[in-house]
Each structure stands twice: as C-alpha cells, then as structure tokens.
>>> print(open('coords.txt').read())   # compact mmCIF, C-alpha atoms
# COMPACT_ATOMS: atom_id res chain seq x y z
CA MET A 168 0.00 0.00 0.00
CA GLU A 169 1.19 3.55 -0.78
CA HIS A 170 1.61 5.92 2.14
CA GLN A 171 3.02 8.86 0.18
CA ASN A 172 -0.33 10.19 -0.97
CA THR A 173 0.02 13.87 0.02
CA GLY A 174 -1.19 15.94 -2.92
CA ARG A 175 -1.57 12.86 -5.11
CA ILE A 176 -4.54 12.73 -7.46
CA LEU A 177 -6.31 9.46 -8.27
CA VAL A 178 -8.31 9.67 -11.50
CA ALA A 179 -10.85 6.87 -11.97
CA GLY A 180 -12.02 6.37 -15.55
CA THR A 181 -10.23 6.30 -18.88
CA GLY A 182 -12.73 7.89 -21.24
CA PRO A 183 -11.88 11.32 -22.69
CA ALA A 184 -12.79 13.11 -19.42
CA GLY A 185 -10.53 10.85 -17.34
CA LEU A 186 -7.59 11.15 -19.72
CA ILE A 187 -7.97 14.95 -19.92
CA ALA A 188 -8.19 15.14 -16.10
CA ALA A 189 -5.01 13.07 -15.70
CA LEU A 190 -3.11 15.20 -18.22
CA GLY A 191 -4.43 18.46 -16.75
CA PHE A 192 -3.49 17.61 -13.17
CA ALA A 193 -0.06 16.36 -14.27
CA ALA A 194 0.50 19.58 -16.23
CA ALA A 195 -0.36 21.52 -13.05
CA GLY A 196 2.39 19.67 -11.18
CA PHE A 197 0.41 17.04 -9.26
CA PRO A 198 1.50 13.41 -9.09
CA VAL A 199 -1.28 11.43 -10.79
CA THR A 200 -2.45 7.82 -10.70
CA LEU A 201 -4.90 6.98 -13.50
CA VAL A 202 -6.97 3.84 -12.98
CA GLY A 203 -8.90 2.09 -15.76
CA THR A 204 -8.48 -0.17 -18.75
CA GLU A 205 -7.77 1.13 -22.23
CA ALA A 206 -11.02 1.92 -24.02
CA SER A 207 -11.81 0.80 -27.55
CA ALA A 208 -11.01 3.38 -30.19
CA GLN A 209 -13.71 1.95 -32.51
CA ASP A 210 -16.22 4.70 -31.75
CA SER A 211 -17.74 6.28 -34.86
CA ARG A 212 -19.17 9.23 -32.91
CA THR A 213 -17.69 12.70 -33.06
CA THR A 214 -17.34 15.34 -30.37
CA ALA A 215 -17.91 19.05 -31.02
CA LEU A 216 -15.52 20.91 -28.72
CA MET A 217 -15.93 24.65 -28.31
CA ASN A 218 -12.99 27.09 -28.21
CA PRO A 219 -12.52 27.13 -24.40
CA ALA A 220 -12.31 23.31 -24.37
CA LEU A 221 -9.84 23.45 -27.27
CA LYS A 222 -7.61 25.74 -25.21
CA VAL A 223 -7.47 23.02 -22.55
CA LEU A 224 -6.46 20.44 -25.21
CA GLU A 225 -3.81 22.89 -26.42
CA ARG A 226 -2.50 23.33 -22.87
CA ILE A 227 -2.08 19.56 -22.41
CA GLY A 228 -0.33 19.26 -25.78
CA VAL A 229 -2.76 17.23 -27.93
CA LEU A 230 -4.60 19.78 -30.08
CA ASP A 231 -2.07 20.27 -32.90
CA GLY A 232 -2.09 16.57 -33.77
CA LEU A 233 -5.90 16.55 -33.94
CA ARG A 234 -6.44 19.60 -36.16
CA PRO A 235 -5.96 17.81 -39.54
CA MET A 236 -8.77 15.36 -38.66
CA ALA A 237 -11.20 18.02 -37.38
CA ALA A 238 -13.60 20.43 -39.06
CA PRO A 239 -14.19 23.98 -37.78
CA LEU A 240 -17.69 25.00 -36.69
CA LYS A 241 -18.23 28.50 -38.06
CA VAL A 242 -22.03 28.67 -38.34
CA MET A 243 -24.72 26.95 -36.25
CA ARG A 244 -28.37 26.87 -37.34
CA ILE A 245 -31.59 25.77 -35.67
CA VAL A 246 -34.39 24.76 -38.05
CA ASP A 247 -37.92 23.92 -36.88
CA ALA A 248 -38.74 20.82 -38.90
CA THR A 249 -41.91 19.95 -36.98
CA THR A 250 -45.34 19.92 -38.62
CA ARG A 251 -47.04 21.60 -35.67
CA LEU A 252 -49.37 24.58 -35.78
CA ILE A 253 -46.80 26.96 -34.28
CA ARG A 254 -43.29 26.70 -35.66
CA SER A 255 -40.15 28.72 -34.96
CA PRO A 256 -38.23 30.76 -37.51
CA VAL A 257 -34.76 29.59 -38.58
CA VAL A 258 -32.13 30.93 -36.17
CA THR A 259 -28.54 31.29 -37.41
CA PHE A 260 -25.55 31.84 -35.15
CA ARG A 261 -22.32 33.00 -36.82
CA ALA A 262 -19.00 32.97 -34.96
CA SER A 263 -18.04 36.15 -36.80
CA GLU A 264 -20.87 37.99 -34.99
CA ILE A 265 -18.90 37.71 -31.74
CA ASP A 266 -15.49 38.27 -33.39
CA GLU A 267 -14.53 34.60 -33.34
CA GLU A 268 -13.12 32.72 -36.34
CA GLN A 269 -14.99 29.59 -35.23
CA PHE A 270 -17.11 28.29 -32.35
CA GLY A 271 -14.97 25.17 -32.09
CA LEU A 272 -13.94 21.97 -33.87
CA ASN A 273 -15.78 18.72 -34.57
CA LEU A 274 -13.40 15.85 -33.74
CA PRO A 275 -13.81 12.12 -34.51
CA ASN A 276 -13.68 10.14 -31.25
CA ARG A 277 -11.50 7.51 -32.91
CA ALA A 278 -8.85 10.25 -33.31
CA LEU A 279 -9.44 12.00 -29.96
CA TYR A 280 -9.05 8.92 -27.76
CA PRO A 281 -5.70 7.65 -29.16
CA ALA A 282 -4.25 11.18 -29.01
CA LEU A 283 -5.19 11.52 -25.32
CA ALA A 284 -4.14 7.96 -24.43
CA GLY A 285 -0.79 8.42 -26.18
CA ALA A 286 -0.12 11.65 -24.29
CA VAL A 287 -0.95 9.94 -20.97
CA ALA A 288 1.32 6.97 -21.73
CA ALA A 289 4.19 9.33 -22.59
CA HIS A 290 3.82 11.53 -19.48
CA SER A 291 6.35 10.75 -16.74
CA GLY A 292 4.10 12.31 -14.08
CA ILE A 293 1.20 9.88 -14.66
CA GLU A 294 1.14 6.29 -13.44
CA TRP A 295 -1.50 4.40 -15.45
CA ARG A 296 -2.83 1.33 -13.64
CA LYS A 297 -4.69 -0.57 -16.36
CA SER A 298 -7.12 -2.23 -13.99
CA LEU A 299 -10.53 -1.40 -12.51
CA VAL A 300 -11.31 -0.23 -8.99
CA GLU A 301 -12.92 -3.08 -7.09
CA THR A 302 -13.50 -1.35 -3.75
CA TRP A 303 -13.18 2.19 -2.43
CA HIS A 304 -12.24 3.18 1.11
CA LEU A 305 -12.77 6.87 1.97
CA ASP A 306 -11.76 8.46 5.27
CA ALA A 307 -10.94 11.89 6.65
CA GLY A 308 -7.28 11.78 5.61
CA HIS A 309 -7.15 10.03 2.24
CA VAL A 310 -8.89 7.91 -0.34
CA GLN A 311 -7.77 4.34 -1.00
CA ALA A 312 -8.70 2.06 -3.89
CA THR A 313 -8.26 -1.68 -4.16
CA LEU A 314 -7.95 -2.72 -7.78
CA SER A 315 -9.18 -5.85 -9.51
CA ASP A 316 -5.56 -7.04 -9.94
CA GLY A 317 -5.20 -7.06 -6.14
CA SER A 318 -3.01 -3.96 -5.87
CA GLU A 319 -3.88 -0.83 -3.90
CA THR A 320 -3.37 2.88 -4.41
CA SER A 321 -4.15 5.94 -2.32
CA ALA A 322 -4.40 9.69 -2.84
CA SER A 323 -5.58 12.97 -1.36
CA LEU A 324 -8.31 13.39 -3.97
CA ALA A 325 -10.24 10.99 -6.19
CA VAL A 326 -11.52 12.42 -9.46
CA ALA A 327 -14.60 10.42 -10.47
CA ALA A 328 -14.47 10.35 -14.28
CA ASP A 329 -15.96 6.86 -14.31
CA GLY A 330 -19.15 7.56 -16.22
CA ARG A 331 -22.88 7.86 -15.65
CA MET A 332 -23.03 4.80 -13.35
CA SER A 333 -19.91 6.03 -11.41
CA PRO A 334 -18.87 3.52 -8.72
CA ALA A 335 -16.76 6.29 -7.12
CA ARG A 336 -19.84 8.51 -6.80
CA GLU A 337 -21.73 5.64 -5.22
CA ALA A 338 -18.86 4.96 -2.77
CA ALA A 339 -19.01 8.63 -1.69
CA GLY A 340 -22.71 8.24 -0.94
CA ILE A 341 -23.79 10.84 -3.48
CA SER A 342 -27.36 10.13 -4.60
CA THR A 343 -28.69 11.08 -8.03
CA SER A 344 -31.91 12.04 -9.74
CA VAL A 345 -32.37 9.85 -12.82
CA ARG A 346 -34.88 10.21 -15.64
CA SER A 347 -35.21 8.07 -18.74
CA TYR A 348 -36.65 9.55 -21.94
CA PRO A 349 -38.73 7.74 -24.57
CA GLN A 350 -35.91 8.54 -27.01
CA ALA A 351 -32.74 7.05 -28.45
CA ALA A 352 -29.97 8.64 -30.52
CA LEU A 353 -29.01 7.04 -33.83
CA VAL A 354 -25.41 8.08 -34.53
CA LEU A 355 -23.55 7.75 -37.84
CA ASN A 356 -21.36 9.59 -40.35
CA PHE A 357 -22.23 10.29 -43.98
CA GLU A 358 -20.86 11.73 -47.20
CA HIS A 359 -22.80 14.35 -49.14
CA ARG A 360 -22.55 15.95 -52.56
CA GLY A 361 -22.97 19.56 -51.39
CA ASP A 362 -20.55 21.72 -49.38
CA HIS A 363 -21.42 22.08 -45.69
CA ALA A 364 -19.50 25.39 -45.51
CA PHE A 365 -18.52 24.50 -41.90
CA THR A 366 -22.15 24.88 -40.87
CA SER A 367 -23.88 22.67 -38.30
CA THR A 368 -27.67 22.42 -38.58
CA GLU A 369 -29.91 21.21 -35.78
CA PHE A 370 -33.36 20.27 -37.14
CA HIS A 371 -35.95 20.20 -34.36
CA THR A 372 -38.48 17.40 -34.88
CA GLU A 373 -41.36 16.01 -32.83
CA THR A 374 -39.13 13.20 -31.51
CA GLY A 375 -36.05 15.33 -30.77
CA PRO A 376 -33.20 16.99 -32.67
CA PHE A 377 -31.66 15.77 -35.92
CA THR A 378 -28.19 17.32 -35.80
CA GLN A 379 -25.71 17.44 -38.69
CA VAL A 380 -22.17 18.52 -37.77
CA PRO A 381 -19.40 19.06 -40.38
CA LEU A 382 -16.37 16.81 -40.78
CA PRO A 383 -13.39 17.44 -43.11
CA GLY A 384 -14.28 17.33 -46.81
CA ASN A 385 -17.84 16.65 -47.94
CA ARG A 386 -18.62 14.59 -44.85
CA SER A 387 -20.71 15.17 -41.73
CA SER A 388 -21.63 13.40 -38.53
CA LEU A 389 -25.25 12.87 -37.52
CA VAL A 390 -27.05 12.53 -34.19
CA TRP A 391 -30.69 11.67 -34.89
CA VAL A 392 -32.96 11.51 -31.81
CA LEU A 393 -36.00 9.29 -32.30
CA ARG A 394 -38.34 6.92 -30.54
CA PRO A 395 -36.26 3.83 -29.61
CA GLU A 396 -38.22 1.51 -31.88
CA THR A 397 -37.82 3.93 -34.83
CA ALA A 398 -34.07 4.19 -34.19
CA ARG A 399 -33.80 0.38 -34.33
CA GLU A 400 -35.87 0.23 -37.53
CA LEU A 401 -33.69 2.85 -39.25
CA ALA A 402 -30.45 1.22 -38.09
CA ALA A 403 -31.62 -2.06 -39.68
CA LEU A 404 -32.17 -0.48 -43.13
CA ASP A 405 -29.78 -1.05 -46.03
CA ASP A 406 -27.34 1.78 -46.82
CA LEU A 407 -29.24 3.13 -49.84
CA THR A 408 -32.61 3.30 -48.05
CA LEU A 409 -31.14 4.88 -44.92
CA SER A 410 -29.22 7.40 -47.03
CA THR A 411 -32.49 8.43 -48.70
CA ARG A 412 -34.20 8.81 -45.31
CA VAL A 413 -31.37 11.01 -44.00
CA GLU A 414 -31.44 13.17 -47.15
CA GLN A 415 -35.22 13.61 -46.88
CA ARG A 416 -35.08 14.50 -43.20
CA MET A 417 -32.52 17.24 -43.89
CA GLN A 418 -34.57 18.52 -46.83
CA SER A 419 -31.78 17.68 -49.34
CA MET A 420 -29.84 20.61 -47.87
CA LEU A 421 -26.49 18.96 -48.72
CA GLY A 422 -27.59 17.11 -51.86
CA ARG A 423 -27.17 13.38 -52.34
CA VAL A 424 -26.31 11.54 -49.12
CA SER A 425 -24.35 8.29 -48.64
CA VAL A 426 -24.19 6.86 -45.11
CA GLU A 427 -20.93 5.25 -43.96
CA PRO A 428 -20.57 1.95 -42.06
CA GLY A 429 -20.79 2.03 -38.25
CA ARG A 430 -24.26 2.84 -36.88
CA GLN A 431 -24.72 3.15 -33.13
CA ILE A 432 -27.82 3.61 -30.93
CA TYR A 433 -27.77 5.25 -27.48
CA PRO A 434 -30.81 5.43 -25.15
CA LEU A 435 -31.37 8.94 -23.72
CA SER A 436 -31.65 9.80 -20.05
CA THR A 437 -30.64 12.45 -17.54
CA VAL A 438 -28.60 11.93 -14.39
CA THR A 439 -28.17 14.79 -11.91
CA PRO A 440 -26.24 14.20 -8.66
CA ARG A 441 -27.46 15.88 -5.46
CA ARG A 442 -23.95 17.26 -5.00
CA PHE A 443 -20.75 17.31 -7.04
CA ALA A 444 -18.16 16.43 -4.39
CA ARG A 445 -18.02 14.65 -1.06
CA ASP A 446 -15.63 12.60 1.11
CA ARG A 447 -12.54 13.30 -1.03
CA VAL A 448 -14.36 12.44 -4.27
CA ALA A 449 -15.04 15.10 -6.95
CA LEU A 450 -17.33 14.33 -9.88
CA VAL A 451 -16.46 15.31 -13.44
CA GLY A 452 -17.91 14.51 -16.87
CA GLU A 453 -20.80 12.05 -17.01
CA ALA A 454 -20.38 11.20 -13.32
CA ALA A 455 -21.50 14.81 -12.72
CA HIS A 456 -24.10 15.31 -15.47
CA VAL A 457 -25.89 13.34 -18.18
CA PHE A 458 -28.45 14.93 -20.51
CA PRO A 459 -29.73 14.65 -24.11
CA PRO A 460 -27.32 15.52 -26.98
CA ILE A 461 -28.58 19.03 -27.73
CA GLY A 462 -26.37 22.08 -28.28
CA ALA A 463 -22.94 20.39 -27.98
CA GLN A 464 -22.74 20.62 -24.19
CA GLY A 465 -21.59 17.19 -22.91
CA LEU A 466 -17.78 16.96 -22.95
CA ASN A 467 -17.46 20.76 -23.04
CA LEU A 468 -19.17 20.88 -19.66
CA GLY A 469 -16.96 18.03 -18.44
CA ILE A 470 -13.81 19.90 -19.43
CA ARG A 471 -15.05 22.93 -17.48
CA ASP A 472 -15.52 20.62 -14.48
CA ILE A 473 -11.90 19.49 -14.82
CA ASP A 474 -10.54 23.00 -15.36
CA ASP A 475 -12.33 24.37 -12.29
CA LEU A 476 -11.27 21.40 -10.16
CA ILE A 477 -7.61 21.81 -11.15
CA GLY A 478 -7.76 25.54 -10.36
CA ILE A 479 -9.23 24.89 -6.90
CA SER A 480 -6.74 22.06 -6.26
CA CYS A 481 -3.85 24.40 -7.10
CA GLU A 482 -5.11 26.77 -4.40
CA ASN A 483 -5.22 23.82 -1.95
CA ARG A 484 -2.06 22.06 -3.09
CA ALA A 485 -1.19 20.61 0.34
CA ASP A 486 -4.52 18.77 0.49
CA PRO A 487 -6.62 19.06 -2.68
CA GLY A 488 -9.20 16.63 -1.28
CA ALA A 489 -9.89 18.61 1.89
CA ALA A 490 -13.54 19.32 2.73
CA LYS A 491 -13.07 23.05 2.18
CA ALA A 492 -11.65 22.54 -1.33
CA LEU A 493 -14.47 20.19 -2.30
CA ALA A 494 -17.11 22.57 -0.93
CA THR A 495 -15.60 25.30 -3.13
CA TYR A 496 -15.75 23.00 -6.16
CA ASP A 497 -19.38 22.05 -5.49
CA PHE A 498 -20.34 25.72 -5.08
CA LYS A 499 -18.53 26.77 -8.26
CA ARG A 500 -19.84 24.01 -10.54
CA ARG A 501 -23.44 23.88 -9.33
CA PRO A 502 -24.85 26.95 -11.21
CA ASP A 503 -23.19 26.04 -14.53
CA ILE A 504 -24.17 22.35 -14.45
CA LEU A 505 -27.75 22.95 -13.32
CA ALA A 506 -28.31 25.82 -15.78
CA ARG A 507 -26.97 23.86 -18.78
CA SER A 508 -28.74 20.61 -17.95
CA SER A 509 -32.03 22.39 -17.17
CA ALA A 510 -31.93 24.36 -20.44
CA VAL A 511 -31.24 21.24 -22.51
CA ASN A 512 -33.92 19.22 -20.72
CA LEU A 513 -36.51 21.98 -21.11
CA LEU A 514 -35.80 22.33 -24.82
CA ASN A 515 -35.98 18.57 -25.27
CA MET A 516 -39.27 18.37 -23.37
CA SER A 517 -40.72 21.22 -25.45
CA LEU A 518 -39.96 19.22 -28.61
CA LEU A 519 -41.76 16.17 -27.21
CA SER A 520 -44.72 18.17 -25.95
CA ASP A 521 -47.94 18.45 -27.95
CA MET A 522 -49.14 21.16 -25.57
CA LEU A 523 -49.65 24.47 -27.35
CA PRO A 524 -48.10 26.61 -24.56
CA ALA A 525 -44.82 24.67 -24.83
CA GLN A 526 -44.76 25.19 -28.60
CA VAL A 527 -45.53 28.90 -28.20
CA ALA A 528 -42.79 29.34 -25.60
CA ARG A 529 -40.16 27.58 -27.73
CA SER A 530 -41.18 29.46 -30.87
CA ALA A 531 -41.21 32.82 -29.08
CA GLY A 532 -37.80 32.18 -27.52
CA LEU A 533 -36.14 31.18 -30.79
CA GLY A 534 -37.96 33.99 -32.61
CA VAL A 535 -36.52 36.62 -30.27
CA LEU A 536 -33.04 35.10 -30.63
CA GLY A 537 -33.32 35.13 -34.41
CA GLY A 538 -34.51 38.71 -34.65
CA PHE A 539 -32.48 40.49 -31.96
CA SER A 540 -28.73 40.37 -32.62
CA PRO A 541 -27.52 41.68 -29.20
CA LEU A 542 -29.41 38.89 -27.44
CA ARG A 543 -28.16 36.36 -29.98
CA ALA A 544 -24.57 37.53 -29.35
CA PHE A 545 -25.15 37.24 -25.60
CA PHE A 546 -26.28 33.62 -25.92
CA MET A 547 -23.39 32.74 -28.23
CA ARG A 548 -20.85 34.15 -25.78
CA GLU A 549 -22.52 32.42 -22.83
CA GLY A 550 -22.58 29.17 -24.81
CA LEU A 551 -18.82 29.35 -25.26
CA ARG A 552 -17.76 30.78 -21.90
CA PRO A 553 -20.18 31.11 -18.97
CA GLY A 554 -20.14 34.70 -17.72
CA SER A 555 -18.64 36.16 -20.91
CA GLY A 556 -22.06 37.22 -22.23
CA PHE A 557 -22.68 39.22 -19.05
CA ALA A 558 -19.16 40.65 -19.25
CA ALA A 559 -19.75 41.84 -22.81
CA LEU A 560 -23.10 43.40 -21.82
CA ALA A 561 -21.43 45.17 -18.91
CA GLY A 562 -18.68 46.43 -21.19
CA GLY A 563 -21.27 47.75 -23.66
CA LEU A 564 -23.14 49.54 -20.88
CA ARG A 565 -19.91 51.16 -19.65
CA LYS A 566 -19.23 52.47 -23.17
CA GLN A 567 -22.76 53.91 -23.34
CA VAL A 568 -22.29 55.65 -19.94
CA LYS A 569 -18.96 57.19 -21.07
CA ARG A 570 -20.67 58.69 -24.08
>>> encode(input="coords.txt", output="structure tokens")
Amino acid sequence: MEHQNTGRILVAGTGPAGLIAALGFAAAGFPVTLVGTEASAQDSRTTALMNPALKVLERIGVLDGLRPMAAPLKVMRIVDATTRLIRSPVVTFRASEIDEEQFGLNLPNRALYPALAGAVAAHSGIEWRKSLVETWHLDAGHVQATLSDGSETSASLAVAADGRMSPAREAAGISTSVRSYPQAALVLNFEHRGDHAFTSTEFHTETGPFTQVPLPGNRSSLVWVLRPETARELAALDDLTLSTRVEQRMQSMLGRVSVEPGRQIYPLSTVTPRRFARDRVALVGEAAHVFPPIGAQGLNLGIRDIDDLIGISCENRADPGAAKALATYDFKRRPDILARSSAVNLLNMSLLSDMLPAQVARSAGLGVLGGFSPLRAFFMREGLRPGSGFAALAGGLRKQVKR
C-alpha cells in the first residue's frame, strides 16, 4: 500500500474526461495515478468541442495533432422541422458575430481517444494502472482504492471520471436524480454531394433533434434523436434506403447523401447528482451530469468541471481533497451544471410536448433570438464561456455611460 499520498490525485475512468483530467493535473504539477483499462477506439461518434475546451487540449499538448482530422464550426443553425401549428423561424448563429473565427472543432472520437491515451502513456508524471477499482475506502485523511488485480493505491483526492453509473460517486454516498426519456440517438457519419461550408444544422423534430455537424471534406456526422423503436428500424435499413431517409429529413440541404458503415444507438436519459463532491471524491464529466445531446454541451461541460477542479486544487495544493476545497468545487460548478442541464432538458421536453403553450414558448424564444442580434450575441458568448455574455453586456453599458 502507498503511504506517500500527500497531494496525489487518483483519477478513476479512462474515457476522454478521465484522460484529460489526468493530463491536466499532471501539467499543473500534481502526481497522478490513473486507474482504468484502455477503451476501444472503434467509436464512430464525433465530439464538437468549443474554443474554451480546445484551449485546454492545447494546454495539455494534444490539439495540434488533432487539427488535420477536425472540421471547424463557423455557423450553427436551428431549423424547426416539426409539422405543428406553431413553428419557430430559422435561427442562425455566426461565430463572426462575436469576433470569433470559429465556435470550435468537430473531432472524430477515434482520433481524440488515441491522441489523449498516447499523451498519458508518454507523461512521466502519470502512473496508469490498467485495472478497474474493485473497492473504495474513503476516510478523513485520504482515499484508498483496491484494484481488480489485487493492488492498492491511495491519494488525497479521487476524481470520479468513471461515467454515468460512477462507482466512485456511489462509494461517496452521493445520490442522483435519474430520468429516462422515450428517445434514443441514432449516430452515424455520412458523405454528401454539397458543401457544408462549416455549418452545423440542428433540425428540431417532434421526436427530438436531428443534428448534422461538419467533418473534413464533404462529410458530416449525424445525431438523430428518435423513438427507440424507430431508431432500431432505421439502423436495420440497407445503406441506400437509410441514405435516402437522411437526405429527406434534412430537406436535401447537402444534396445526395451516402451513409458510412458504423451505426450506433444510445438510449437517452438524464442523471443529476445531489452534490458534485463529497468525502474526497469530486465528480467530473458524465459522473457529474448526463443529458440529451442538444447544443454540444456534454464533454465541453466536463472539461469545465476538470478545469475548475484543477484551479481549486492548485489553491489547496497541500490537500486538494480537503472538505473546504471540495465545498468550493461544489459551489462553483453547481450553477453552470444545473443551468446547462435544465436548459437542454426543457428544450428537449418542449420538442416532445404536444401542448400548445410549450410550442408557443419555444417558438417565441427562438424567434426573439433570431430577430435580436444583441441577445443572440449574448447567448453565443454564454454558450462558449459562462459569464462572458454578461461581461460583454457590462462592457457595452460602460461604453454607453462614457458617451
């Protein structure tokens, strides 16, 4: 058993959030033990990472190698593709409106994971134990994990990056609120004849969003939210028939479509913990928040978790897992996580609702965004960096006062 655990960080979980957490803490000068088996890189999904998240990838030294495989996101559109009585106008967000070259990059997961795993393996400050945690022991002074290979490891702070079912969260006694939706996401990539012009389009339908996100060349990724039985039916279609269905759903916006091999289906649910840290365990990524795939929030929110946790740990370097440090983390993350997850869940529920007031509210909200550029700019800035929309408004007001 290790006794030298002062300031040591134990990261549980080897998905993107866990690997980024390990690299981030190591870059900040903490000794790190990463626990978890190597994940499969055969994931055809993509991840849209916004500019602030990309800065974190740049800081840990992996962004440059990923750029050639990524596509910039310069324009984001919301299209009401429902057939309901009240429909919203098309809303277009352009990065240039807020003086940004792009909102972010869309990265294939099969490129992101190897880049992160390679950086972890090469880092002298990270010990990667390629085993799973079998039991957790948490006490006032440290956290100890017994691994499935029989070895043990201990640390001042455990970072729970071990997913939506999070054994570390359970060991800390953190309860969750869980809700399953009558929806599943069909995920695939496709080629198209037209040019996407680095534009992502989110079609809102009665079953959920149909979201096209650009990839390099004339290719895009797709997240299509449907009833579970419909998702299974579509996934079982031959390539030509499914390609036609995708093209029809997106109103032939990108011309002829050809789906690529590798279809995946993911049931949708939300998981919200009652707190985000306790008993030397801090939650990040899907251990801290799970919600439907709307508005590219998932891993971006997880990277903000990690960034905030590292910042607080640096201010409590002698004991990053102390109760005071974890209380600060919980207090700092709570407004951002609850606001983002609530907004996504409300929008998703409004798509599913046949109630006229819900349709009116969604249409009115998107209508105001589409027609009022200062408010649109505010939401774009807030979407990238929480607080930056308010900062820009405050700066604009100061300029008006000086006049």
>>> closest_residue(input="coords.txt", among="A:Ile176, A:Ala184, A:Leu240, A:Leu305", to="Leu468 of chain A", atoms="only C-alpha atoms")
A:Ala184
>>> closest_residue(input="coords.txt", among="A:Thr411, A:Ser425, A:Thr439, A:Gln350", to="Val392 of chain A", atoms="all atoms listed in the file")
A:Gln350
>>> atom_distance(input="coords.txt", atom1="atom CA of Ala328 of chain A", atom2="atom CA of Leu283 of chain A")
14.5 Å
>>> residues_around(input="coords.txt", residues="Gly308 of chain A", least_positions_apart="3", cutoff="10 Å", atoms="only C-alpha atoms", output="compact mmCIF listing (two decimals) with C-alpha atoms, in the coordinates of the input")
# COMPACT_ATOMS: atom_id res chain seq x y z
CA ASN A 172 -0.33 10.19 -0.97
CA THR A 173 0.02 13.87 0.02
CA LEU A 305 -12.77 6.87 1.97
CA GLN A 311 -7.77 4.34 -1.00
CA ALA A 322 -4.40 9.69 -2.84
CA SER A 323 -5.58 12.97 -1.36
CA LEU A 324 -8.31 13.39 -3.97
CA ASP A 446 -15.63 12.60 1.11
CA ARG A 447 -12.54 13.30 -1.03
CA ASP A 486 -4.52 18.77 0.49
CA GLY A 488 -9.20 16.63 -1.28
CA ALA A 489 -9.89 18.61 1.89
>>> closest_residue(input="coords.txt", among="A:Ser480, A:Ser410, A:Thr181, A:Thr200", to="Gly292 of chain A", atoms="only C-alpha atoms")
A:Thr200
>>> closest_residue(input="coords.txt", among="A:Ser508, A:Ser344, A:Thr302, A:Ser367", to="Pro440 of chain A", atoms="all atoms listed in the file")
A:Ser344
